[in-house]
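Peer 1: Provided herewith is a single structure, encoded as structure tokens, for subsequent inquiry.
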Amino acid sequence: MMIKMDGTEELNENLVEFFDRFTAWENSVIQQSSLTLAGAHAIEKLGQDGSMSMKDLAKALGVTTGTITVTVDRLEKGGYALRDRSESDRRSYIINLTEKGEKAFSDHHCHHMNLADEIASALTEDEVKDLVRILGKINQTI
């Protein structure tokens with residue numbers, strides 16, 4: 001069956017190809033460490049935004065609090081993060097990166113920046129600005 005190519009179909013094909021390539025790239029980066037993909041994403045978020053509650057971390061990553069609990073448990077066991085009781089709400093925990101977690105963030109973020117540089121090198125300066133604007137708009141929508 002031949003599918004007629006309109007703008008949305010072409011966008012879909014390119015998104016699927018980009019997602020597959022990005023996933024393969026990210027998996028190859030993660031395999032070089034002892035982290036899971038979920039753990040690396042949590043470390044990336046904590047490294048960028050600083051300490052936050054379990055609830056806020058789950059929301060920022062688009063996962064349930066149950067899922068983030070498992071991820072943070074693994075990060076704690078690996079020595080990447082610490083869970084401290086919130087001063088303002090004793091039922092809540094604040095997640096902090098340890099020195100090992102900060103190092104993992106730095107390493108992982110460096111890989112992300114290298115990929116961003118590689119992508120930017122294939123585009124003009126105006127195209128990079130357009131891509132940033134477009135991705136920001138997409139991220140606000142989905």
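Chain labels A, B, ... are given in the sequence in which chains occur in the structure tokens; within each chain residues are numbered consecutively from 1, and ligands are likewise numbered from 1 in the order shown.
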Find the spatial neighbours of Thr69 in chain A, counting only C-alpha atoms, within a cut-off of 12 Å - ignore same-chain residues fewer than 3 positions away - and output them as a PyMOL selection string.

Peer 2: chain A and resi 38-39+42+53-58+63-66+72-76+83+92-95

Peer 1: Write out as a list in words all residues of range 52-120 of chain A that backbone DSSP assigns to strand (DSSP E or B).

Peer 2: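 The residues of range 52-120 of chain A classed as strand (DSSP E or B) are Met52, Ser53, Ala81, Leu82, Arg83, Asp84, Arg85, Tyr93, Ile94, Ile95, Asn96 and Leu97 of chain A.
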
Peer 1: Next, dump the selected residues to file, keeping only N, CA and C atoms, as an mmCIF file, in the first residue's frame.

Peer 2:
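Final output, result_3.cif:
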data_model
loop_
_atom_site.group_PDB
_atom_site.id
_atom_site.type_symbol
_atom_site.label_atom_id
_atom_site.label_comp_id
_atom_site.auth_asym_id
_atom_site.auth_seq_id
_atom_site.Cartn_x
_atom_site.Cartn_y
_atom_site.Cartn_z
ATOM 1 N N MET A 52 15.075 19.338 44.066
ATOM 2 C CA MET A 52 13.623 19.497 43.976
ATOM 3 C C MET A 52 12.932 18.345 44.662
ATOM 4 N N SER A 53 11.650 18.530 44.899
ATOM 5 C CA SER A 53 10.866 17.486 45.552
ATOM 6 C C SER A 53 10.649 16.324 44.589
ATOM 7 N N ALA A 81 22.521 10.285 44.330
ATOM 8 C CA ALA A 81 21.580 11.259 44.894
ATOM 9 C C ALA A 81 21.288 10.920 46.350
ATOM 10 N N LEU A 82 20.805 11.931 47.056
ATOM 11 C CA LEU A 82 20.347 11.774 48.436
ATOM 12 C C LEU A 82 18.930 12.312 48.542
ATOM 13 N N ARG A 83 18.173 11.677 49.386
ATOM 14 C CA ARG A 83 16.793 12.074 49.630
ATOM 15 C C ARG A 83 16.737 12.648 51.047
ATOM 16 N N ASP A 84 16.359 13.922 51.162
ATOM 17 C CA ASP A 84 16.245 14.577 52.461
ATOM 18 C C ASP A 84 14.804 15.024 52.691
ATOM 19 N N ARG A 85 14.364 14.961 53.934
ATOM 20 C CA ARG A 85 13.017 15.442 54.258
ATOM 21 C C ARG A 85 12.938 16.944 54.031
ATOM 22 N N TYR A 93 9.968 14.705 50.291
ATOM 23 C CA TYR A 93 11.418 14.552 50.218
ATOM 24 C C TYR A 93 11.986 15.458 49.139
ATOM 25 N N ILE A 94 13.165 16.010 49.414
ATOM 26 C CA ILE A 94 13.904 16.811 48.446
ATOM 27 C C ILE A 94 15.061 15.952 47.954
ATOM 28 N N ILE A 95 15.234 15.903 46.637
ATOM 29 C CA ILE A 95 16.287 15.103 46.029
ATOM 30 C C ILE A 95 17.462 16.021 45.698
ATOM 31 N N ASN A 96 18.647 15.617 46.144
ATOM 32 C CA ASN A 96 19.880 16.356 45.894
ATOM 33 C C ASN A 96 20.879 15.426 45.225
ATOM 34 N N LEU A 97 21.640 15.961 44.286
ATOM 35 C CA LEU A 97 22.725 15.181 43.699
ATOM 36 C C LEU A 97 23.909 15.155 44.661
#

Peer 1: Taking only C-alpha atoms into account, name the residue in A:Val132, A:Asn14, A:Phe19, A:His41 that is nearest to Thr71 in chain A.

Peer 2: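 Looking at the shortest contact to Thr71 in chain A, the residue is A:His41.
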
Peer 1: Go through A:Asp6, A:Asp89, A:Tyr80, A:Ile138 one by one, measure the shortest atom-to-atom distance of each to Leu46 in chain A using only C-alpha atoms, and give the residue with the smallest value.

Peer 2: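 Under the stated criterion, the closest residue is A:Tyr80.
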
Peer 1: Can you list, as a ChimeraX atom specification, every protein, DNA or RNA residue that comes within 10 Å of His109 in chain A when you count only C-alpha atoms, leaving out same-chain residues fewer than 4 positions away?

Peer 2: /A:40,43-44,47-48,103-105,113-115

Peer 1: Using N, CA and C atoms, can you write the selected residues to a file as an mmCIF file, in the first residue's frame?

Peer 2:
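The new file part_35.cif reads:
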data_model
loop_
_atom_site.group_PDB
_atom_site.id
_atom_site.type_symbol
_atom_site.label_atom_id
_atom_site.label_comp_id
_atom_site.auth_asym_id
_atom_site.auth_seq_id
_atom_site.Cartn_x
_atom_site.Cartn_y
_atom_site.Cartn_z
ATOM 1 N N ALA A 40 19.547 8.662 34.259
ATOM 2 C CA ALA A 40 20.288 9.717 33.570
ATOM 3 C C ALA A 40 19.405 10.940 33.335
ATOM 4 N N ILE A 43 19.000 12.724 36.670
ATOM 5 C CA ILE A 43 20.243 13.445 36.986
ATOM 6 C C ILE A 43 20.363 14.688 36.119
ATOM 7 N N GLU A 44 20.016 14.583 34.854
ATOM 8 C CA GLU A 44 20.076 15.741 33.947
ATOM 9 C C GLU A 44 19.158 16.856 34.461
ATOM 10 N N GLY A 47 20.554 18.259 37.741
ATOM 11 C CA GLY A 47 21.758 19.029 37.456
ATOM 12 C C GLY A 47 21.450 20.382 36.852
ATOM 13 N N GLN A 48 20.428 20.438 36.012
ATOM 14 C CA GLN A 48 20.055 21.698 35.367
ATOM 15 C C GLN A 48 19.300 22.618 36.322
ATOM 16 N N LYS A 103 29.041 14.772 39.030
ATOM 17 C CA LYS A 103 30.000 14.332 38.000
ATOM 18 C C LYS A 103 29.261 13.643 36.858
ATOM 19 N N ALA A 104 28.286 12.783 37.210
ATOM 20 C CA ALA A 104 27.501 12.096 36.180
ATOM 21 C C ALA A 104 26.721 13.113 35.346
ATOM 22 N N PHE A 105 26.169 14.138 36.008
ATOM 23 C CA PHE A 105 25.464 15.198 35.279
ATOM 24 C C PHE A 105 26.412 15.890 34.303
ATOM 25 N N MET A 113 25.626 18.294 24.896
ATOM 26 C CA MET A 113 26.144 19.495 24.237
ATOM 27 C C MET A 113 26.903 19.138 22.956
ATOM 28 N N ASN A 114 27.623 18.036 22.979
ATOM 29 C CA ASN A 114 28.311 17.593 21.762
ATOM 30 C C ASN A 114 27.307 17.275 20.658
ATOM 31 N N LEU A 115 26.202 16.626 21.024
ATOM 32 C CA LEU A 115 25.165 16.335 20.028
ATOM 33 C C LEU A 115 24.547 17.636 19.512
#

Peer 1: Could you check the closest approach to Trp25 in chain A for each of A:Lys100, A:Arg90, A:Lys45, A:His111 and tell me which residue wins, using only C-alpha atoms?

Peer 2: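 Nearest to Trp25 in chain A: A:His111.
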
Peer 1: Let me make sure I understand: among A:Asp117, A:Glu87, A:Asp107, A:Asp130, which one has the smallest atom-to-atom distance to Gln32 in chain A if we use only C-alpha atoms?

Peer 2: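 With only C-alpha atoms as the atom set, the closest residue is A:Asp107.
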
Peer 1: To one decimal place, how far is CA of Ala24 in chain A from CA of Asn12 in chain A in Å?

Peer 2: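 For CA of Ala24 in chain A relative to CA of Asn12 in chain A, the distance reads 18.2 Å.
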
Peer 1: One number please: CA of Arg91 in chain A to CA of Leu35 in chain A, in Å, one decimal.

Peer 2: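 Rounded to one decimal, the two atoms are 27.6 Å apart.
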